[in-house]
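Below is the file query-v6.txt, which contains compact mmCIF, C-alpha atoms.
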# COMPACT_ATOMS: atom_id res chain seq x y z
CA MET A 2 -70.48 -3.25 -3.03
CA ARG A 3 -73.41 -1.51 -1.39
CA ALA A 4 -71.31 1.60 -0.80
CA ARG A 5 -70.30 1.70 -4.46
CA THR A 6 -73.95 1.40 -5.52
CA TYR A 7 -74.92 4.27 -3.21
CA ALA A 8 -72.07 6.37 -4.57
CA ILE A 9 -73.13 5.76 -8.18
CA LEU A 10 -76.75 6.57 -7.38
CA THR A 11 -75.69 9.73 -5.57
CA ILE A 12 -73.63 10.91 -8.57
CA ILE A 13 -76.54 10.21 -10.92
CA ALA A 14 -78.95 12.09 -8.64
CA LEU A 15 -76.63 15.10 -8.37
CA GLY A 16 -76.11 15.12 -12.12
CA ALA A 17 -79.85 15.02 -12.78
CA ALA A 18 -80.48 17.79 -10.26
CA GLY A 19 -77.78 19.91 -11.84
CA TYR A 20 -79.17 19.33 -15.32
CA PHE A 21 -82.68 20.43 -14.38
CA ALA A 22 -81.46 23.32 -12.23
CA LEU A 23 -79.03 24.71 -14.85
CA PRO A 24 -81.60 26.84 -16.73
CA TYR A 25 -82.41 28.65 -13.47
CA THR A 26 -78.80 29.63 -12.75
CA PRO A 27 -76.74 32.52 -14.21
CA VAL A 28 -74.49 30.03 -16.03
CA PRO A 29 -76.48 29.77 -19.32
CA ASP A 30 -76.66 33.56 -19.63
CA TYR A 31 -72.94 33.84 -18.97
CA VAL A 32 -72.11 31.15 -21.52
CA HIS A 33 -74.44 32.73 -24.10
CA ALA A 34 -72.94 36.19 -23.57
CA PHE A 35 -69.40 34.81 -23.83
CA THR A 36 -70.02 32.80 -27.00
CA ALA A 37 -71.98 35.67 -28.58
CA ARG A 38 -69.07 38.02 -27.96
CA VAL A 39 -66.53 35.58 -29.40
CA SER A 40 -68.72 34.99 -32.45
CA ALA A 41 -69.19 38.71 -32.99
CA LEU A 42 -65.44 39.29 -32.88
CA THR A 43 -64.59 36.39 -35.17
CA GLY A 44 -67.53 36.85 -37.55
CA PHE A 45 -68.86 33.31 -37.06
CA GLY A 46 -72.44 34.55 -36.81
CA ALA A 47 -72.17 36.69 -39.93
CA ASP A 48 -70.58 33.83 -41.84
CA ARG A 49 -73.45 31.55 -40.82
CA ILE A 50 -75.95 33.98 -42.32
CA ARG A 51 -73.79 34.74 -45.35
CA SER A 52 -73.41 31.13 -46.43
CA ARG A 53 -77.15 30.53 -46.31
CA VAL A 54 -78.55 33.82 -47.62
CA LEU A 55 -75.90 35.19 -49.99
CA PRO A 56 -76.36 32.89 -53.05
CA ASP A 57 -80.04 33.76 -53.58
CA MET A 58 -79.41 37.41 -52.76
CA GLU A 59 -76.60 37.69 -55.32
CA LYS A 60 -78.81 36.21 -57.99
CA ARG A 61 -81.69 38.58 -57.19
CA LEU A 62 -79.47 41.67 -57.10
CA ASN A 63 -77.61 40.72 -60.26
CA GLU A 64 -80.93 40.64 -62.08
CA ALA A 65 -81.52 44.20 -60.84
CA GLY A 66 -78.04 45.30 -61.92
CA ILE A 67 -76.88 45.87 -58.33
CA ALA A 68 -73.89 44.23 -56.66
CA VAL A 69 -73.84 42.87 -53.13
CA GLY A 70 -71.85 45.39 -51.11
CA ALA A 71 -73.56 48.40 -52.69
CA PRO A 72 -74.33 51.26 -50.27
CA VAL A 73 -77.54 50.73 -48.28
CA TYR A 74 -80.23 53.15 -47.12
CA LEU A 75 -83.08 52.13 -44.81
CA ARG A 76 -86.35 54.06 -44.57
CA VAL A 77 -89.06 53.26 -42.03
CA PHE A 78 -92.71 54.30 -41.78
CA THR A 79 -94.04 53.48 -38.33
CA ALA A 80 -97.72 54.14 -39.12
CA ASP A 81 -97.54 51.63 -41.98
CA GLN A 82 -95.38 49.23 -39.96
CA LYS A 83 -92.99 48.96 -42.90
CA LEU A 84 -89.23 49.11 -43.45
CA GLN A 85 -87.87 49.83 -46.94
CA VAL A 86 -84.44 48.67 -48.12
CA TRP A 87 -82.77 50.81 -50.78
CA LEU A 88 -79.47 50.07 -52.55
CA ARG A 89 -77.41 52.33 -54.77
CA GLY A 90 -77.12 51.43 -58.43
CA ASP A 91 -74.91 53.47 -60.76
CA THR A 92 -75.91 56.77 -59.16
CA ARG A 93 -79.37 56.71 -57.62
CA TYR A 94 -80.85 54.34 -55.08
CA SER A 95 -83.52 51.76 -55.88
CA GLU A 96 -85.87 50.02 -53.47
CA ILE A 97 -85.03 46.34 -53.61
CA GLN A 98 -87.32 45.01 -50.86
CA ASP A 99 -89.50 45.94 -47.93
CA ALA A 100 -90.27 44.22 -44.66
CA GLY A 101 -93.28 44.47 -42.40
CA PHE A 102 -93.00 44.72 -38.65
CA CYS A 103 -93.85 41.58 -36.74
CA ALA A 104 -97.57 41.05 -36.27
CA SER A 105 -97.24 41.19 -32.50
CA ASP A 106 -96.05 44.79 -32.78
CA ALA A 107 -98.71 45.75 -35.33
CA ASP A 108 -101.51 44.33 -33.21
CA ASP A 109 -100.32 46.00 -30.03
CA THR A 110 -101.74 49.51 -29.76
CA SER A 111 -100.89 49.93 -26.09
CA ALA A 112 -98.78 52.72 -24.69
CA ASN A 113 -95.97 50.22 -24.25
CA ALA A 114 -95.92 49.53 -28.00
CA THR A 115 -95.49 53.26 -28.70
CA PHE A 116 -92.72 53.37 -26.11
CA GLN A 117 -90.89 50.49 -27.77
CA THR A 118 -90.91 51.93 -31.31
CA PRO A 119 -88.09 54.36 -32.15
CA PRO A 120 -89.32 57.94 -32.40
CA PRO A 121 -89.18 59.60 -35.83
CA GLY A 122 -85.71 60.81 -36.65
CA VAL A 123 -82.39 60.17 -38.33
CA TYR A 124 -80.31 57.21 -37.15
CA ARG A 125 -77.13 55.47 -38.25
CA ILE A 126 -75.78 51.92 -38.22
CA ARG A 127 -72.01 51.47 -37.99
CA ARG A 128 -69.79 48.40 -37.83
CA ASP A 129 -69.86 48.32 -34.02
CA ASP A 130 -73.68 48.30 -34.09
CA LEU A 131 -73.91 44.81 -35.61
CA SER A 132 -74.68 41.88 -33.31
CA PRO A 133 -74.81 38.63 -35.33
CA ASN A 134 -75.47 36.46 -32.26
CA SER A 135 -78.01 38.51 -30.34
CA PRO A 136 -80.67 36.74 -28.24
CA SER A 137 -82.99 38.37 -30.80
CA HIS A 138 -81.37 36.26 -33.56
CA VAL A 139 -79.42 39.15 -35.09
CA GLU A 140 -79.52 42.80 -34.14
CA LEU A 141 -78.56 46.13 -35.70
CA ASN A 142 -78.38 48.93 -33.15
CA LEU A 143 -79.70 52.34 -34.15
CA THR A 144 -77.54 55.31 -33.15
CA PRO A 145 -79.42 58.64 -33.21
CA LEU A 146 -77.83 61.48 -35.16
CA PRO A 147 -76.26 63.66 -32.43
CA ASP A 148 -77.53 67.18 -31.82
CA ASP A 149 -74.58 69.57 -32.05
CA ASP A 150 -76.14 72.03 -29.60
CA ALA A 151 -78.07 69.74 -27.27
CA PRO A 152 -77.21 70.10 -23.58
CA SER A 153 -76.20 66.96 -21.71
CA THR A 154 -79.16 65.21 -20.13
CA ASN A 155 -79.89 62.37 -17.77
CA ASP A 156 -83.35 61.84 -19.25
CA ALA A 157 -84.17 58.13 -19.03
CA ALA A 158 -85.96 58.21 -22.40
CA ALA A 159 -82.79 59.47 -24.06
CA ALA A 160 -80.92 56.45 -22.70
CA ILE A 161 -83.16 53.91 -24.45
CA SER A 162 -81.29 51.88 -27.06
CA TYR A 163 -83.28 50.96 -30.15
CA SER A 164 -82.44 48.34 -32.74
CA LEU A 165 -83.63 46.36 -35.71
CA HIS A 166 -83.85 42.75 -34.57
CA GLY A 167 -85.33 39.34 -35.25
CA ASN A 168 -87.24 36.65 -33.36
CA CYS A 169 -90.19 39.08 -33.24
CA SER A 170 -88.90 39.93 -29.78
CA ASP A 171 -90.40 42.81 -27.84
CA ILE A 172 -87.23 44.69 -26.94
CA ALA A 173 -87.07 48.38 -27.82
CA GLY A 174 -86.86 48.95 -31.55
CA ILE A 175 -88.35 47.32 -34.63
CA SER A 176 -89.03 43.58 -34.60
CA LEU A 177 -88.81 41.72 -37.90
CA LYS A 178 -89.14 38.13 -39.03
CA ASN A 179 -85.85 36.26 -39.06
CA ASP A 180 -85.82 35.87 -42.86
CA ASP A 181 -86.16 39.65 -43.27
CA ILE A 182 -83.62 40.66 -40.63
CA GLU A 183 -81.06 38.19 -42.00
CA GLN A 184 -81.24 39.72 -45.47
CA ILE A 185 -81.05 43.25 -44.09
CA TYR A 186 -78.16 42.27 -41.83
CA LEU A 187 -76.24 40.76 -44.75
CA LEU A 188 -76.77 43.81 -46.97
CA VAL A 189 -75.66 46.18 -44.21
CA ASP A 190 -72.72 43.99 -43.23
CA THR A 191 -71.40 43.69 -46.79
CA ALA A 192 -71.90 47.42 -47.47
CA LEU A 193 -69.90 48.37 -44.38
CA ARG A 194 -67.20 45.85 -45.30
CA ALA A 195 -67.07 47.39 -48.79
CA GLY A 196 -66.35 50.83 -47.36
CA GLN A 197 -69.66 52.51 -46.57
CA GLN A 198 -68.94 54.60 -43.48
CA TYR A 199 -72.40 54.10 -41.98
CA VAL A 200 -75.88 53.10 -43.11
CA PRO A 201 -78.42 55.93 -42.73
CA VAL A 202 -81.79 54.98 -41.26
CA HIS A 203 -84.58 57.55 -41.56
CA ILE A 204 -87.70 56.90 -39.50
CA PHE A 205 -90.93 58.72 -40.34
CA GLU A 206 -94.48 58.36 -39.15
CA LYS A 207 -95.85 58.00 -42.68
CA PRO A 208 -95.12 59.00 -46.31
CA ARG A 209 -96.12 62.45 -47.53
CA ASP A 210 -97.54 63.54 -50.85
CA MET A 211 -94.84 65.59 -52.55
CA ASP A 212 -97.54 67.87 -53.96
CA ASP A 213 -98.59 68.61 -50.41
CA SER A 214 -96.86 71.62 -48.85
CA LEU A 215 -96.73 69.71 -45.57
CA ALA A 216 -94.04 67.53 -47.12
CA LEU A 217 -91.71 70.49 -47.47
CA THR A 218 -91.33 71.37 -43.81
CA GLU A 219 -92.05 69.43 -40.66
CA ASP A 220 -92.92 72.69 -38.91
CA ALA A 221 -96.03 72.96 -41.10
CA THR A 222 -97.60 69.97 -39.34
CA ASN A 223 -97.89 71.93 -36.08
CA ASN A 224 -97.23 68.61 -34.38
CA SER A 225 -93.60 67.95 -35.12
CA PRO A 226 -91.71 65.44 -32.98
CA ALA A 227 -88.64 66.13 -35.10
CA PRO A 228 -88.55 69.57 -36.79
CA GLY A 229 -87.05 69.49 -40.26
CA LEU A 230 -87.37 65.73 -40.60
CA TYR A 231 -89.68 65.91 -43.60
CA ASP A 232 -87.19 68.18 -45.33
CA VAL A 233 -84.97 65.08 -45.18
CA TYR A 234 -87.82 63.04 -46.67
CA ALA A 235 -88.40 65.59 -49.45
CA ALA A 236 -84.70 65.71 -50.35
CA PHE A 237 -84.58 61.96 -50.88
CA GLU A 238 -87.82 61.99 -52.87
CA ARG A 239 -86.32 64.58 -55.23
CA THR A 240 -82.94 62.95 -55.78
CA ARG A 241 -83.26 59.29 -54.73
CA ILE A 242 -79.97 59.84 -52.88
CA PRO A 243 -79.89 59.95 -49.05
CA PRO A 244 -79.05 63.56 -48.13
CA ASP A 245 -76.31 64.67 -45.79
CA VAL A 246 -78.07 65.67 -42.58
CA SER A 247 -77.01 67.50 -39.43
CA LYS A 248 -78.95 68.37 -36.29
CA SER A 249 -78.75 71.44 -34.11
CA ASN A 250 -81.07 72.93 -31.50
CA GLY A 251 -83.42 69.99 -31.99
CA ARG A 252 -83.91 70.57 -35.72
CA TYR A 253 -82.69 68.53 -38.68
CA HIS A 254 -80.89 70.38 -41.46
CA VAL A 255 -80.29 69.09 -45.00
CA ASP A 256 -77.03 69.98 -46.68
CA PRO A 257 -77.84 72.70 -49.25
CA ALA A 258 -76.11 70.61 -51.92
CA ASN A 259 -78.99 68.12 -51.57
Rewrite the coordinates I just gave you, this time as structure tokens.
Amino acid sequence: MRARTYAILTIIALGAAGYFALPYTPVPDYVHAFTARVSALTGFGADRIRSRVLPDMEKRLNEAGIAVGAPVYLRVFTADQKLQVWLRGDTRYSEIQDAGFCASDADDTSANATFQTPPPGVYRIRRDDLSPNSPSHVELNLTPLPDDDAPSTNDAAAAISYSLHGNCSDIAGISLKNDDIEQIYLLVDTALRAGQQYVPVHIFEKPRDMDDSLALTEDATNNSPAPGLYDVYAAFERTRIPPDVSKSNGRYHVDPAN
């Protein structure tokens, strides 16, 4: 009888120790990574967001004459800490909402904050860039437009992966509130499912006055982190259609048809 009591107490003690020690072992991370991967492949995470967010979104877009699944364009202004969401109507795109960066990013003016924010440039989001079960709630990875003539490099800065993500987390990229990132995720997800090849994401420091000659060429700023980028800005301002853009020798080029 005494031996049985000791055995039961030993099992309880080991169970309690294991329970409290579990968060400090690699097991939770492994389980989270495994379940996140399964959910991403099966779409469970996207379905979770879709069922909760889609009804109100459909109503709001229907009132604007835009269908869910319409092509999406994202434009970001880092100085204003703002992300704009544009959707295509019959021909041109209309801004349907904007989202501010998380306050923690806006209040942080340290060098680390600058390091975390994506540099100005042209990015893309494809189907493989969606992570509906990221530790940052949901995540949309930003793939830079490749430079056709850039030499291969092992520069550590070039290896940084940026994303749009929730939970106001401080990983590299743009942190948004969960309500905002869920809506953006759903719009991007449905657009890609409907056939959009990729979602263009154009990141600028700040808007330009179209009457200002500086808006017509990034070279005119004499401080251009991305030459030709404001030609991309000017093309969209003229047409309200995201232009076709290429990059060579470090400079962005807008398709002449735009």
In Å, rounded to a single decimal, give me how far atom CA of Ala68 of chain A is from atom CA of Ile182 of chain A.
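Computed distance, atom CA of Ile182 of chain A to atom CA of Ala68 of chain A, equals 19.1 Å.
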In file coordinates, which residues lie within 7 Å of (-91.8, 63.1, -33.2) using all atoms listed in the file, given as an mmCIF file with C-alpha atoms, in the coordinates of the input?
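In the end it all went to out.cif:
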data_model
loop_
_atom_site.group_PDB
_atom_site.id
_atom_site.type_symbol
_atom_site.label_atom_id
_atom_site.label_comp_id
_atom_site.auth_asym_id
_atom_site.auth_seq_id
_atom_site.Cartn_x
_atom_site.Cartn_y
_atom_site.Cartn_z
ATOM 1 C CA PRO A 120 -89.320 57.940 -32.400
ATOM 2 C CA PRO A 121 -89.180 59.600 -35.830
ATOM 3 C CA SER A 225 -93.600 67.950 -35.120
ATOM 4 C CA PRO A 226 -91.710 65.440 -32.980
ATOM 5 C CA ALA A 227 -88.640 66.130 -35.100
#
Nearest residue to Ala195 of chain A from the set A:His166, A:Arg128, A:Lys248, A:Lys207 (distances using only C-alpha atoms):
A:Arg128
Near Leu143 of chain A, within 8 Å and counting all atoms listed in the file, which residues show up once chain neighbours fewer than 3 positions away are dropped, as a list in words?
Tyr124, Arg125, Ile126, Asp130, Ser162, Tyr163, Ser164, Leu165 and Val202 of chain A
Expressed in Å to a single decimal, how great is the separation between atom CA of Gln85 of chain A and atom CA of Pro257 of chain A?
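We find that atom CA of Gln85 of chain A and atom CA of Pro257 of chain A lie 25.1 Å from each other.
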Among the residues A:Val246, A:Val54, A:Val73, A:Ala80, the one that comes closest to Pro145 of chain A [using all atoms listed in the file]:
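Closest residue, counting all atoms listed in the file: A:Val246.
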May I have the residues within 12 Å of Asp190 of chain A as a VMD selection string, using all atoms listed in the file and disregarding those fewer than 2 positions away in the same chain?
chain A and resid 44 46 to 48 50 to 51 55 69 to 73 126 to 133 139 to 141 182 to 188 192 to 200
Please, what distance in Å, to one decimal, runs between atom CA of Gly101 of chain A and atom CA of Gly229 of chain A?
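Between these atoms lies a distance of 25.9 Å.
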Give the answer as one residue: which of A:Ile67, A:Val255, A:Ile172, A:Ala100 has the shortest atom-to-atom distance to Pro243 of chain A, using only C-alpha atoms?
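Distance minimum relative to Pro243 of chain A lands on A:Val255.
Checking A:Lys60, A:His203, A:Lys178, A:Arg209 one by one against Pro244 of chain A, counting all atoms listed in the file, you find the shortest gap at A:His203.
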Neighbours of point (-86.4, 51.0, -28.8) within 6 Å, using only C-alpha atoms, written as a ChimeraX atom specification
/A:117-119,162-163,173-174
Segment 118-124 of chain A: axis-aligned bounding box, 3 Å on each side, centre and edge lengths in Å, one decimal, as AutoDock Vina command-line options:
--center_x -85.6 --center_y 56.4 --center_z -34.8 --size_x 16.6 --size_y 14.9 --size_z 13.0
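Comparing A:Val123, A:Ile97, A:Leu84, A:Ile204 by their smallest distance to His254 of chain A, the closest is A:Val123 (using all atoms listed in the file).
Using only C-alpha atoms, the shortest contact distance between Ile242 of chain A and any of A:Pro201, A:Asp181, A:Pro147, A:Ala104 is found at A:Pro201.
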Write a file for segment 62-83 of chain A, containing N, CA and C atoms (output as an mmCIF file, in the first residue's frame).
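Wrote part-v2.cif, looks like this:
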data_model
loop_
_atom_site.group_PDB
_atom_site.id
_atom_site.type_symbol
_atom_site.label_atom_id
_atom_site.label_comp_id
_atom_site.auth_asym_id
_atom_site.auth_seq_id
_atom_site.Cartn_x
_atom_site.Cartn_y
_atom_site.Cartn_z
ATOM 1 N N LEU A 62 -17.443 46.337 -49.380
ATOM 2 C CA LEU A 62 -16.972 46.452 -50.759
ATOM 3 C C LEU A 62 -18.128 46.521 -51.752
ATOM 4 N N ASN A 63 -19.203 45.804 -51.457
ATOM 5 C CA ASN A 63 -20.374 45.878 -52.343
ATOM 6 C C ASN A 63 -20.916 47.293 -52.416
ATOM 7 N N GLU A 64 -20.900 47.983 -51.286
ATOM 8 C CA GLU A 64 -21.359 49.373 -51.266
ATOM 9 C C GLU A 64 -20.459 50.271 -52.114
ATOM 10 N N ALA A 65 -19.188 49.869 -52.257
ATOM 11 C CA ALA A 65 -18.256 50.638 -53.083
ATOM 12 C C ALA A 65 -18.220 50.141 -54.520
ATOM 13 N N GLY A 66 -19.023 49.120 -54.835
ATOM 14 C CA GLY A 66 -19.057 48.591 -56.189
ATOM 15 C C GLY A 66 -17.848 47.754 -56.547
ATOM 16 N N ILE A 67 -17.208 47.151 -55.533
ATOM 17 C CA ILE A 67 -16.013 46.333 -55.753
ATOM 18 C C ILE A 67 -16.265 44.948 -55.173
ATOM 19 N N ALA A 68 -15.861 43.919 -55.891
ATOM 20 C CA ALA A 68 -16.071 42.553 -55.435
ATOM 21 C C ALA A 68 -14.855 42.049 -54.681
ATOM 22 N N VAL A 69 -15.095 41.217 -53.674
ATOM 23 C CA VAL A 69 -13.989 40.535 -53.003
ATOM 24 C C VAL A 69 -13.305 39.629 -54.016
ATOM 25 N N GLY A 70 -11.997 39.676 -54.085
ATOM 26 C CA GLY A 70 -11.246 38.953 -55.094
ATOM 27 C C GLY A 70 -10.703 39.873 -56.166
ATOM 28 N N ALA A 71 -11.084 41.168 -56.112
ATOM 29 C CA ALA A 71 -10.555 42.140 -57.070
ATOM 30 C C ALA A 71 -9.050 42.302 -56.863
ATOM 31 N N PRO A 72 -8.300 42.612 -57.915
ATOM 32 C CA PRO A 72 -6.854 42.805 -57.776
ATOM 33 C C PRO A 72 -6.520 43.868 -56.725
ATOM 34 N N VAL A 73 -5.441 43.615 -56.000
ATOM 35 C CA VAL A 73 -5.032 44.452 -54.872
ATOM 36 C C VAL A 73 -3.703 45.132 -55.182
ATOM 37 N N TYR A 74 -3.556 46.341 -54.692
ATOM 38 C CA TYR A 74 -2.294 47.083 -54.752
ATOM 39 C C TYR A 74 -2.071 47.722 -53.386
ATOM 40 N N LEU A 75 -0.876 47.554 -52.835
ATOM 41 C CA LEU A 75 -0.541 48.118 -51.533
ATOM 42 C C LEU A 75 0.532 49.192 -51.706
ATOM 43 N N ARG A 76 0.298 50.342 -51.071
ATOM 44 C CA ARG A 76 1.263 51.445 -51.132
ATOM 45 C C ARG A 76 1.580 51.889 -49.709
ATOM 46 N N VAL A 77 2.857 52.046 -49.419
ATOM 47 C CA VAL A 77 3.306 52.341 -48.057
ATOM 48 C C VAL A 77 4.119 53.628 -48.046
ATOM 49 N N PHE A 78 3.888 54.455 -47.013
ATOM 50 C CA PHE A 78 4.681 55.660 -46.784
ATOM 51 C C PHE A 78 5.287 55.552 -45.390
ATOM 52 N N THR A 79 6.586 55.294 -45.345
ATOM 53 C CA THR A 79 7.222 55.019 -44.055
ATOM 54 C C THR A 79 7.296 56.248 -43.164
ATOM 55 N N ALA A 80 7.474 57.440 -43.739
ATOM 56 C CA ALA A 80 7.543 58.649 -42.910
ATOM 57 C C ALA A 80 6.215 58.926 -42.226
ATOM 58 N N ASP A 81 5.117 58.592 -42.889
ATOM 59 C CA ASP A 81 3.783 58.788 -42.318
ATOM 60 C C ASP A 81 3.304 57.573 -41.538
ATOM 61 N N GLN A 82 4.097 56.495 -41.557
ATOM 62 C CA GLN A 82 3.719 55.268 -40.859
ATOM 63 C C GLN A 82 2.335 54.781 -41.311
ATOM 64 N N LYS A 83 2.132 54.737 -42.619
ATOM 65 C CA LYS A 83 0.804 54.414 -43.141
ATOM 66 C C LYS A 83 0.905 53.455 -44.315
#
